[in-house]
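For reference, the structure is listed below as structure tokens.
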Amino acid sequence: MKYVLWTLIAGITVISCSKPIETPQPNLPVAVKKIKEIRNSPNDFRTYTFNADGSLQQYAAQFTSRTDGAISQYNLGFQYDNKRLVKLQAANGYSLYYYKDGKPHTIQSYNQHNSLFATSFLTINEKNQITEIVEQFKVPVSNHLAETKTLLFYNTQGNLIRREYYSRQDLNDPFEFYYKQLYEAYDNKIAVPEEVSTDYFLPGFVLMKNNPTKIITVDKMGLTGRVDRFEYTYDSDGYVLTKKHFVENMPNPVTPITFSYTYW
């Protein structure tokens, strides 16, 4: 679903043997805050607005991703029925959410001409955690993928510890492992749920309760491709004020990026 919705919005195209690190129990913040903006440069930022009941209403992003400095923008609108997300609206398409036993089960994504181009199926456990996302394409995408699968695993404290990616070119083929991400360490502060849930466009679900400090990406050959490391500063209530993102284990040095957080 992440691939489909990114396409819709932008209009573009070995299990770890190490024991997951358990996060110390955090002190609950004095105040409950909602994120307003995450910014890393004058032209690169994400903004969030909320309904009166606290549900995410609007998500907007602007970023520079090309060498010529061109700016890309997109906006998402979230529509609800009895506090259930039922529609995500983008500039060039939309997604409809369907429920089973009170939980989101199927997401159908359409282009601006109302043509269905992908369907996602969700598996949610008894803790209300997403454990599997299967995304089936009506028309194979540019790399001829017919279906992708993402598996998500959590520790006892509700933090994501491993995310595995699979794909297949034909629905009759077995899934092939592509790569995985290992969330090796967390801080003990409160994470911003919307920062992660809008990555998969599933507001209301918590993939991590704390902030990751180290993520390792491992390819299908078992080789470490990159290591992402994060350093944070916090306000007096324990919310993130800044995040510094380091990319390690790459052929060429990558300049760290600092993100600033603003709350409503």
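Chain identifiers are assigned as A, B, and so on, following the order in which chains appear in the structure tokens; residues are numbered from 1 within each chain, and ligands are numbered from 1 in order of appearance.
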Report the residues of segment 130-235 of chain A whose backbone DSSP state falls under alpha helix (DSSP H), written as a ChimeraX atom specification.
/A:193-200
Could you write those residues out with all heavy atoms, as a PDB file, in the first residue's frame?
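This went into out.pdb:
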```
ATOM      1  N   PRO A 193       2.869   9.629  16.703  1.00  0.00           N
ATOM      2  CA  PRO A 193       2.275   8.541  15.911  1.00  0.00           C
ATOM      3  C   PRO A 193       1.985   8.929  14.472  1.00  0.00           C
ATOM      4  O   PRO A 193       2.120   8.106  13.567  1.00  0.00           O
ATOM      5  CB  PRO A 193       0.988   8.210  16.677  1.00  0.00           C
ATOM      6  CG  PRO A 193       0.691   9.421  17.490  1.00  0.00           C
ATOM      7  CD  PRO A 193       2.015  10.019  17.836  1.00  0.00           C
ATOM      8  N   GLU A 194       1.595  10.186  14.231  1.00  0.00           N
ATOM      9  CA  GLU A 194       1.255  10.589  12.869  1.00  0.00           C
ATOM     10  C   GLU A 194       2.468  10.590  11.948  1.00  0.00           C
ATOM     11  O   GLU A 194       2.333  10.423  10.737  1.00  0.00           O
ATOM     12  CB  GLU A 194       0.616  11.987  12.871  1.00  0.00           C
ATOM     13  CG  GLU A 194      -0.759  12.044  13.493  1.00  0.00           C
ATOM     14  CD  GLU A 194      -0.698  12.105  15.012  1.00  0.00           C
ATOM     15  OE1 GLU A 194       0.394  12.417  15.550  1.00  0.00           O
ATOM     16  OE2 GLU A 194      -1.720  11.838  15.653  1.00  0.00           O
ATOM     17  N   GLU A 195       3.662  10.770  12.501  1.00  0.00           N
ATOM     18  CA  GLU A 195       4.853  10.781  11.658  1.00  0.00           C
ATOM     19  C   GLU A 195       5.048   9.429  10.987  1.00  0.00           C
ATOM     20  O   GLU A 195       5.491   9.341   9.848  1.00  0.00           O
ATOM     21  CB  GLU A 195       6.094  11.134  12.484  1.00  0.00           C
ATOM     22  CG  GLU A 195       7.365  11.181  11.652  1.00  0.00           C
ATOM     23  CD  GLU A 195       8.593  11.559  12.456  1.00  0.00           C
ATOM     24  OE1 GLU A 195       8.492  11.631  13.704  1.00  0.00           O
ATOM     25  OE2 GLU A 195       9.643  11.776  11.852  1.00  0.00           O
ATOM     26  N   VAL A 196       4.703   8.356  11.692  1.00  0.00           N
ATOM     27  CA  VAL A 196       4.873   7.011  11.151  1.00  0.00           C
ATOM     28  C   VAL A 196       3.626   6.542  10.420  1.00  0.00           C
ATOM     29  O   VAL A 196       3.703   5.956   9.347  1.00  0.00           O
ATOM     30  CB  VAL A 196       5.227   6.021  12.278  1.00  0.00           C
ATOM     31  CG1 VAL A 196       5.409   4.620  11.718  1.00  0.00           C
ATOM     32  CG2 VAL A 196       6.483   6.477  12.997  1.00  0.00           C
ATOM     33  N   SER A 197       2.443   6.805  10.987  1.00  0.00           N
ATOM     34  CA  SER A 197       1.215   6.278  10.392  1.00  0.00           C
ATOM     35  C   SER A 197       0.918   6.902   9.038  1.00  0.00           C
ATOM     36  O   SER A 197       0.291   6.281   8.183  1.00  0.00           O
ATOM     37  CB  SER A 197       0.024   6.486  11.330  1.00  0.00           C
ATOM     38  OG  SER A 197      -0.199   7.857  11.578  1.00  0.00           O
ATOM     39  N   THR A 198       1.370   8.144   8.801  1.00  0.00           N
ATOM     40  CA  THR A 198       1.151   8.736   7.486  1.00  0.00           C
ATOM     41  C   THR A 198       2.124   8.173   6.461  1.00  0.00           C
ATOM     42  O   THR A 198       1.943   8.376   5.259  1.00  0.00           O
ATOM     43  CB  THR A 198       1.274  10.270   7.536  1.00  0.00           C
ATOM     44  OG1 THR A 198       2.434  10.638   8.281  1.00  0.00           O
ATOM     45  CG2 THR A 198       0.050  10.890   8.172  1.00  0.00           C
ATOM     46  N   ASP A 199       3.149   7.461   6.923  1.00  0.00           N
ATOM     47  CA  ASP A 199       4.028   6.764   5.997  1.00  0.00           C
ATOM     48  C   ASP A 199       3.252   5.671   5.274  1.00  0.00           C
ATOM     49  O   ASP A 199       3.472   5.383   4.103  1.00  0.00           O
ATOM     50  CB  ASP A 199       5.208   6.170   6.769  1.00  0.00           C
ATOM     51  CG  ASP A 199       6.279   5.614   5.856  1.00  0.00           C
ATOM     52  OD1 ASP A 199       6.471   6.165   4.769  1.00  0.00           O
ATOM     53  OD2 ASP A 199       6.920   4.624   6.241  1.00  0.00           O
ATOM     54  N   TYR A 200       2.329   5.026   5.985  1.00  0.00           N
ATOM     55  CA  TYR A 200       1.456   4.014   5.395  1.00  0.00           C
ATOM     56  C   TYR A 200       0.024   4.527   5.244  1.00  0.00           C
ATOM     57  O   TYR A 200      -0.849   3.794   4.826  1.00  0.00           O
ATOM     58  CB  TYR A 200       1.450   2.746   6.257  1.00  0.00           C
ATOM     59  CG  TYR A 200       2.612   1.836   5.954  1.00  0.00           C
ATOM     60  CD1 TYR A 200       3.804   1.965   6.640  1.00  0.00           C
ATOM     61  CD2 TYR A 200       2.519   0.874   4.960  1.00  0.00           C
ATOM     62  CE1 TYR A 200       4.878   1.144   6.344  1.00  0.00           C
ATOM     63  CE2 TYR A 200       3.583   0.049   4.662  1.00  0.00           C
ATOM     64  CZ  TYR A 200       4.763   0.188   5.361  1.00  0.00           C
ATOM     65  OH  TYR A 200       5.822  -0.617   5.068  1.00  0.00           O
TER      66      TYR A 200
END
```
Mind checking which residues fall within 8 Å of segment 69-81 of chain A, counting only C-alpha atoms, ignoring those fewer than 6 positions away in the same chain, and posting them as a PyMOL selection string?
chain A and resi 9-10+43+56-63+87-91
Just checking: using only C-alpha atoms, which residue out of A:Val192, A:Glu231, A:Ser65, A:Ala52 ends up closest to Thr262 of chain A?
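The closest residue to Thr262 of chain A is A:Val192.
Candidate residues A:Pro212, A:Pro253, A:Gly222, A:Gly54 were compared for distance to Val240 of chain A, and the nearest is A:Pro212, using only C-alpha atoms.
The space separating atom CA of Tyr165 of chain A from atom CA of Phe153 of chain A comes to 12.0 Å.
Atom CA of Met208 of chain A is positioned 16.8 Å from atom CA of Val32 of chain A.
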Run DSSP on the backbone and give me the residues of segment 7-243 of chain A it puts in strand (DSSP E or B), as a PyMOL selection string.
chain A and resi 35-41+44-50+56-64+71-81+84-90+93-100+103-111+116-124+130-137+147-154+160-168+176-186+212-219+224-234+240-243
Can you tell me, as a ChimeraX atom specification, what residues are no more than 7 Å from Tyr239 of chain A when counting only C-alpha atoms, ignoring any on the same chain fewer than 3 positions away?
/A:189-190,234-235
